[in-house]
Every structure is written in structure tokens, then in C-alpha cells.
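A.B. asks: Sending over start-v4.txt (compact mmCIF, C-alpha atoms).
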```txt
# COMPACT_ATOMS: atom_id res chain seq x y z
CA MET J 1 44.91 -5.28 -74.94
CA LYS J 2 41.32 -4.94 -73.75
CA THR J 3 40.34 -6.59 -70.47
CA THR J 4 37.88 -8.94 -72.16
CA GLU J 5 40.57 -10.01 -74.65
CA ALA J 6 43.00 -10.65 -71.80
CA LEU J 7 40.43 -12.85 -70.06
CA ASP J 8 40.45 -15.15 -73.10
CA LEU J 9 44.18 -15.83 -72.68
CA PRO J 10 45.23 -19.09 -71.00
CA MET J 11 45.77 -19.41 -67.28
CA PRO J 12 49.38 -19.29 -66.02
CA PRO J 13 50.77 -22.80 -65.43
CA ASN J 14 51.11 -24.25 -61.94
CA HIS J 15 54.34 -25.97 -60.98
CA ASP J 16 53.87 -26.42 -57.25
CA PRO J 17 54.08 -29.92 -55.77
CA GLY J 18 52.05 -31.03 -52.77
CA PRO J 19 48.34 -30.92 -51.99
CA ILE J 20 47.79 -27.26 -52.97
CA GLY J 21 49.61 -27.87 -56.26
CA TRP J 22 47.39 -30.92 -56.80
CA LEU J 23 44.26 -28.81 -56.24
CA ARG J 24 45.42 -26.11 -58.64
CA ASP J 25 46.19 -28.77 -61.24
CA HIS J 26 42.73 -30.35 -60.97
CA VAL J 27 40.26 -27.44 -60.93
CA ALA J 28 38.61 -25.57 -63.77
CA ARG J 29 39.85 -22.22 -62.51
CA PHE J 30 43.48 -22.94 -63.42
CA SER J 31 43.01 -25.03 -66.55
CA ASP J 32 42.13 -24.46 -70.18
CA GLY J 33 40.73 -26.36 -73.17
CA GLN J 34 39.07 -29.75 -72.74
CA ALA J 35 40.26 -30.13 -69.14
CA HIS J 36 38.65 -26.79 -68.28
CA ARG J 37 35.36 -27.71 -69.93
CA ARG J 38 35.25 -31.10 -68.16
CA ARG J 39 36.10 -29.62 -64.77
CA ARG J 40 33.72 -26.71 -65.18
CA ALA J 41 30.91 -29.16 -65.98
CA LEU J 42 31.59 -30.89 -62.65
CA ILE J 43 31.26 -27.56 -60.85
CA THR J 44 28.13 -26.42 -62.67
CA GLY J 45 26.54 -29.80 -61.97
CA LEU J 46 27.25 -29.45 -58.26
CA LEU J 47 26.03 -25.85 -58.19
CA ALA J 48 22.79 -26.80 -59.95
CA ASP J 49 21.95 -29.04 -56.99
CA ILE J 50 22.29 -26.21 -54.45
CA ASP J 51 19.25 -24.12 -53.58
CA PRO J 52 20.60 -20.72 -52.45
CA THR J 53 17.40 -19.97 -50.53
CA ARG J 54 18.18 -22.90 -48.22
CA LEU J 55 21.65 -21.64 -47.31
CA ASP J 56 22.30 -19.81 -44.06
CA PRO J 57 23.92 -16.51 -45.10
CA ALA J 58 25.40 -16.13 -41.60
CA THR J 59 27.56 -19.22 -42.19
CA PRO J 60 27.78 -19.52 -45.99
CA ILE J 61 30.80 -21.84 -46.20
CA ALA J 62 29.40 -24.26 -43.63
CA ALA J 63 26.03 -24.08 -45.41
CA LEU J 64 27.60 -24.80 -48.80
CA ALA J 65 29.55 -27.72 -47.36
CA GLN J 66 26.38 -29.10 -45.80
CA ALA J 67 24.47 -28.66 -49.09
CA MET J 68 27.15 -30.78 -50.81
CA ASP J 69 27.18 -33.30 -47.92
CA ILE J 70 30.79 -32.49 -46.99
CA PRO J 71 31.62 -32.51 -43.26
CA ALA J 72 34.18 -29.74 -43.82
CA ASP J 73 35.56 -27.31 -41.27
CA PRO J 74 35.17 -23.74 -42.62
CA ALA J 75 38.53 -22.91 -41.00
CA ASP J 76 40.19 -25.49 -43.28
CA VAL J 77 38.47 -23.92 -46.29
CA ALA J 78 39.76 -20.48 -45.26
CA GLU J 79 43.31 -21.85 -44.91
CA VAL J 80 43.25 -23.27 -48.42
CA ALA J 81 41.66 -20.09 -49.82
CA ARG J 82 44.50 -18.07 -48.28
CA VAL J 83 47.05 -19.73 -50.64
CA TYR J 84 44.81 -20.99 -53.45
CA HIS J 85 46.14 -18.77 -56.23
CA PRO J 86 49.32 -19.85 -58.05
CA HIS J 87 51.17 -16.62 -57.27
CA LEU J 88 50.91 -17.46 -53.54
CA THR J 89 53.17 -19.91 -51.71
CA PRO J 90 51.53 -22.84 -49.94
CA ASP J 91 52.58 -23.64 -46.39
CA THR J 92 52.23 -26.66 -44.12
CA THR J 93 49.09 -25.33 -42.44
CA ALA J 94 47.26 -24.93 -45.76
CA GLU J 95 48.55 -28.27 -47.10
CA GLN J 96 47.25 -30.06 -43.99
CA ALA J 97 43.92 -28.22 -44.23
CA LEU J 98 43.52 -29.35 -47.84
CA THR J 99 44.35 -32.93 -46.90
CA ARG J 100 41.57 -32.80 -44.27
CA LEU J 101 39.16 -31.40 -46.88
CA VAL J 102 39.98 -34.23 -49.29
CA HIS J 103 39.28 -36.73 -46.50
CA ALA J 104 36.02 -34.93 -45.69
CA CYS J 105 35.05 -35.43 -49.35
CA GLY J 106 35.68 -39.18 -49.15
CA GLY J 107 39.47 -39.35 -49.38
CA THR J 108 39.79 -39.70 -53.16
CA TRP J 109 42.24 -37.32 -54.85
CA ASP J 110 40.32 -36.90 -58.12
CA GLU J 111 38.62 -34.19 -60.19
CA PRO J 112 35.17 -34.56 -58.55
CA THR J 113 36.78 -34.03 -55.13
CA ALA J 114 38.75 -31.05 -56.45
CA ALA J 115 35.53 -29.57 -57.88
CA ARG J 116 33.74 -29.82 -54.53
CA ILE J 117 36.65 -28.22 -52.69
CA CYS J 118 36.99 -25.58 -55.42
CA ILE J 119 33.40 -24.44 -54.85
CA LEU J 120 34.05 -23.98 -51.13
CA VAL J 121 37.42 -22.27 -51.57
CA GLN J 122 36.27 -19.89 -54.28
CA ALA J 123 33.10 -19.04 -52.35
CA CYS J 124 35.23 -18.31 -49.30
CA ALA J 125 37.41 -15.91 -51.26
CA GLY J 126 34.51 -14.40 -53.20
CA LEU J 127 32.36 -13.76 -50.14
CA ALA J 128 35.31 -12.21 -48.30
CA GLY J 129 35.27 -9.38 -50.85
CA PRO J 130 35.08 -8.81 -54.58
CA VAL J 131 37.83 -10.48 -56.58
CA ARG J 132 39.59 -7.50 -58.12
CA VAL J 133 42.42 -9.09 -60.10
CA THR J 134 42.87 -12.25 -62.12
CA ARG J 135 45.92 -13.47 -63.98
CA ARG J 136 46.43 -14.81 -67.49
CA GLN J 137 49.41 -15.85 -69.58
CA ALA J 138 50.34 -13.52 -72.44
CA PRO J 139 51.45 -14.98 -75.78
CA ASP J 140 55.09 -14.31 -74.83
CA GLY J 141 54.70 -16.43 -71.69
CA THR J 142 54.61 -13.61 -69.17
CA THR J 143 51.90 -13.44 -66.57
CA ILE J 144 49.63 -10.43 -66.85
CA GLU J 145 47.23 -9.12 -64.24
CA VAL J 146 43.73 -8.19 -65.33
CA ASP J 147 41.98 -5.60 -63.15
CA LEU J 148 38.40 -6.86 -62.95
CA SER J 149 37.12 -3.99 -60.84
CA ALA J 150 38.17 -1.33 -63.35
CA ALA J 151 36.42 -3.18 -66.14
CA GLY J 152 33.25 -3.81 -64.14
CA LEU J 153 33.76 -7.55 -64.47
CA ARG J 154 33.36 -8.68 -60.87
CA PHE J 155 32.71 -12.28 -61.89
CA GLY J 156 35.12 -12.34 -64.82
CA ALA J 157 34.04 -13.07 -68.38
CA GLY J 158 34.38 -15.64 -71.11
CA ALA J 159 35.23 -19.27 -70.50
CA HIS J 160 36.45 -18.57 -66.96
CA GLU J 161 33.48 -16.47 -65.86
CA CYS J 162 32.41 -17.48 -62.34
CA PRO J 163 29.81 -20.26 -62.60
CA GLY J 164 28.60 -19.54 -59.07
CA GLN J 165 27.77 -15.87 -59.41
CA SER J 166 24.03 -16.34 -58.86
CA LEU J 167 24.75 -18.28 -55.69
CA VAL J 168 27.17 -15.62 -54.39
CA THR J 169 24.71 -12.85 -55.23
CA ALA J 170 21.90 -14.69 -53.43
CA LEU J 171 24.07 -15.17 -50.34
CA GLU J 172 25.12 -11.52 -50.33
CA THR J 173 21.58 -10.20 -50.64
CA THR J 174 20.32 -12.28 -47.72
CA ARG J 175 23.14 -11.28 -45.36
```
How does this structure look as C-alpha cells?
C.D. replies:
Amino acid sequence: MKTTEALDLPMPPNHDPGPIGWLRDHVARFSDGQAHRRRRALITGLLADIDPTRLDPATPIAALAQAMDIPADPADVAEVARVYHPHLTPDTTAEQALTRLVHACGGTWDEPTAARICILVQACAGLAGPVRVTRRQAPDGTTIEVDLSAAGLRFGAGAHECPGQSLVTALETTR
């Protein structure tokens, strides 16, 4: 199977309870179909309101949080990013960090809050280094890894292509 074909496969399901499980269940990154389109629209709407030239590249996560009017601690964002992907196991430290981020976003556990946190968490991971692997679910139900670096697809492709790639690129070039 070609890499671009694999990227069109659905995301693996999430079955984790708790705050990190909630986040995974409410963001575009780990959803498909209508839920993905709705959640992605939330993210692209938020990103459209951010002027990358006004962000401080020395503190990109703090700058993004400020641009979205979120009084978030970048250390909390990094904790959530550390266990964000479904193949990783959440721990108490990350769960508490996510709870603080939800409260920083107004305290409502809904899709708009998840979208705001998703932007911060994915930017944290993306700015830490290129995302080299993504996962999809094969037709037989197994999880397959797609090597993005080998295919030259740093920001993915298809429906799950990174909506913030111009923002990340702008931040990287001003560092």
C-alpha cells in the first residue's frame, strides 16, 4: 500500500478513559467522517485568526496560547503532548495538566475547548521536531504505521493533513 493511500485510512480508535482519552475523542486528529470535518473546521477557524508574524518564535507555545487568549502554562502543554497519541499511556501528571488546560480555556469540556488545546499540543510536538510517523487502521482492524519522513510528507496528506503547517513553517523560519 502506498503511503498516500494509507493516509486515507481511518484513525485507530481510542479507548482510554480520563481527561487524555476525552481529548483524543474530541479532536480532529483522531476522528474521521463528519466529526473530523466539524472538528477540523473549528481548528482552521482558530488558526485563521492567528497572525504568525506577531508570534514570538522564542516562546511559540506561550505566544500561540496568548494569541488564542488562553492563560496556559507551556509546561502543561508539553505534559499533554508527551502522551497525546493513542499508542502512549496517559499518567496522572498529564491528566492533571490537561485538566488545568481545560480550566484555562474556560472550564468547559467541549469540542471548541478540545480544538484550542489541540492546536497548542500539536504545535508543541511539531515544533519539537518533524513528525515522522502517523498511524492508521487497516481494513482488517490492525494499526499500521506510516513513515511520513520516507515519503516526504512532513505535514501528512489528505483529510488529516496538518492545517497549521503555514504557522509552523513561519515560526521555524523566524527562530
A.B. asks: Could you name the residues that touch Arg40 in chain J at 12 Å or less, counting all atoms listed in the file, but leaving out those on the same chain fewer than 6 positions away, as a ChimeraX atom specification?
C.D. replies: /J:26-34,46-47,111-112,114-116,118-119,159-164
A.B. asks: Using all atoms listed in the file, which of the listed residues (J:Pro139, J:Asp91, J:Ala58, J:Pro52) sits closest to Thr169 in chain J?
C.D. replies: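 For Thr169 in chain J, the nearest of the candidates is J:Pro52.
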A.B. asks: Find, counting only C-alpha atoms, the residue in J:Gly156, J:Pro90, J:Pro60, J:Pro74 that gets nearest to Trp22 in chain J.
C.D. replies: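 Closest residue, counting only C-alpha atoms: J:Pro90.
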A.B. asks: List every protein, DNA or RNA residue with an atom no more than 9 Å from (24.4, -23.0, -48.5) in the file's coordinates, counting all atoms listed in the file, and format the result as a list in words.
C.D. replies: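 Every residue inside that radius is included here: Ile50, Asp51, Pro52, Thr53, Arg54, Leu55, Asp56, Pro57, Thr59, Pro60, Ile61, Ala62, Ala63, Leu64, Ala65, Gln66, Ala67, Met68, Leu167 and Leu171 of chain J.
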A.B. asks: So, counting all atoms listed in the file, which residue among J:Gly106, J:Gly141, J:Pro10, J:Pro130 is closest to Leu153 in chain J?
C.D. replies: J:Pro130
A.B. asks: In Å, rounded to a single decimal, give me how far CA of Val83 in chain J is from CA of His103 in chain J.
C.D. replies: 19.1 Å
A.B. asks: Looking at J:Ile20, J:Ala151, J:Cys105, J:Leu42, which one is nearest to Val133 in chain J, with distances taken over only C-alpha atoms?
C.D. replies: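 Ranked by minimum distance to Val133 in chain J, first place goes to J:Ala151.
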A.B. asks: For Leu101 in chain J, which residue out of J:Val131, J:Leu7, J:Ala72, J:Ala78 is the nearest one, using only C-alpha atoms?
C.D. replies: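 With only C-alpha atoms as the atom set, the closest residue is J:Ala72.
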